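First comes the structure, then the notes that go with it.
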Amino acid sequence: MREDLMLKEICERIWDLARPYLNTRKNDTHTEIAAGLAQQLLAQEGGDEDIVMPAIILHDTGWKKVPEDVQSKAFGPKATLPEWNRVHEVEGARIAGHILRSVNYPNDKILEIQEIIKEHDSRKEPLSLNDSIVKDADKLWRYSQNAFQINAIRFALTADENVERLRRNLEPWFLTKSGKRMAREALEERIQELKETDAAAGLP
């Protein structure tokens, strides 16, 4: 069996084991979109698929260990309990280790994946290209149509405020050339969608 097919089968098993941890905070949808973005970044930037894909699938499993009434206060531009964001990183790394060991993933790769997950939000300087790709895929979701709608409600942002938040963070958020380019392109798509919506409503 080809190695890429073996990895695909293993990742499907990892997905199945991760899903019970992702049914909070809309992490199931977020993770599916981020995984697709990670694949695009791997194709353009290189990196190790056998590190990046398990890491992006598992990176937000730790939110399941954060009380739901606390989650909305733990992240985003108006976070009041940011220390809980750190909890989801540490718990996510622990859960990832458990899941990966259960599918007999190589131990050296488990350790690298855990290191990436353990500070995927809090660590600003990447450990490696693999880490950069995971971070960029995670943040690129914010520029998707799905996230644009979700985060406007989550953070009580107007469309203009939402666009400005994304535009302002194009440089500081992204670590790879492909990530920055993809974010710019996605932001232009969101802006065009808003213009079309306004035009359909007869707004100037």
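Residue numbers start at 1 in each chain; chains themselves are named A, B, ... in the order of the structure tokens; ligands are numbered from 1 in the order shown.
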Applying 10 Å and only C-alpha atoms, which residues near Lys124 in chain A remain after dropping the ones on its own chain fewer than 6 positions away? List them as a ChimeraX atom specification.
/A:132,135,172-175
Neighbouring residues of range 139-153 of chain A were defined as those with any atom within 9 Å, considering only C-alpha atoms; residues of the same chain fewer than 6 positions away were excluded. Please report them as a count of residues only.
24
Give me the residues within 9 Å of Gln39 in chain A as a VMD selection string, counting only C-alpha atoms and dropping any in the same chain fewer than 3 places off.
chain A and resid 34 to 36 42 to 44 49 52 to 53 137
Name the residues in contact with range 60-63 of chain A at a cut-off of 12 Å, using only C-alpha atoms, excluding same-chain residues fewer than 3 positions from it; report them as JSON, numbers by chain.
{"A": [14, 15, 17, 18, 19, 20, 21, 22, 23, 24, 25, 26, 27, 28, 29, 30, 31, 32, 34, 35, 54, 55, 56, 57, 66, 67, 68, 69, 70, 71, 72, 74, 75, 84, 85, 86, 87, 88, 89, 90, 91, 92, 93, 94, 95, 96, 97, 98, 99, 114, 116, 117, 118, 119, 120, 121, 134, 135, 138]}
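Shortest separation to Val103 in chain A among A:Arg167, A:Arg13, A:Lys8, A:Lys177 occurs at residue A:Arg13, atoms counted being only C-alpha atoms.
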Can you tell me how far CA of Leu111 in chain A sits from CA of Leu58 in chain A, in Å to one decimal?
13.3 Å
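CA of Leu194 in chain A lies 11.5 Å from CA of Thr158 in chain A.
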Residues flagged alpha helix (DSSP H) by DSSP in range 6-204 of chain A, as a PyMOL selection string:
chain A and resi 6-18+27-45+49-58+68-71+83-102+107-118+129-140+145-154+159-168+170-173+177-200
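Considering the residues A:Lys73, A:Leu41, A:Leu157, A:Asp48 and counting only C-alpha atoms, Asp136 in chain A has its shortest atom-to-atom contact with A:Leu41.
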Looking at A:Leu81, A:Leu100, A:Ala38, A:Asp198, which one is nearest to Glu12 in chain A, with distances taken over only C-alpha atoms?
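Among A:Leu81, A:Leu100, A:Ala38, A:Asp198, it is A:Leu100 that comes nearest to Glu12 in chain A.
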Which neighbours of Asp50 in chain A fall inside 9 Å, counting only C-alpha atoms, when residues of the same chain fewer than 6 positions from it are skipped, and could you give them as a PyMOL selection string?
chain A and resi 7+11+109
What gap, in Å, lies between CA of Ile51 in chain A and CA of Ile110 in chain A?
8.2 Å
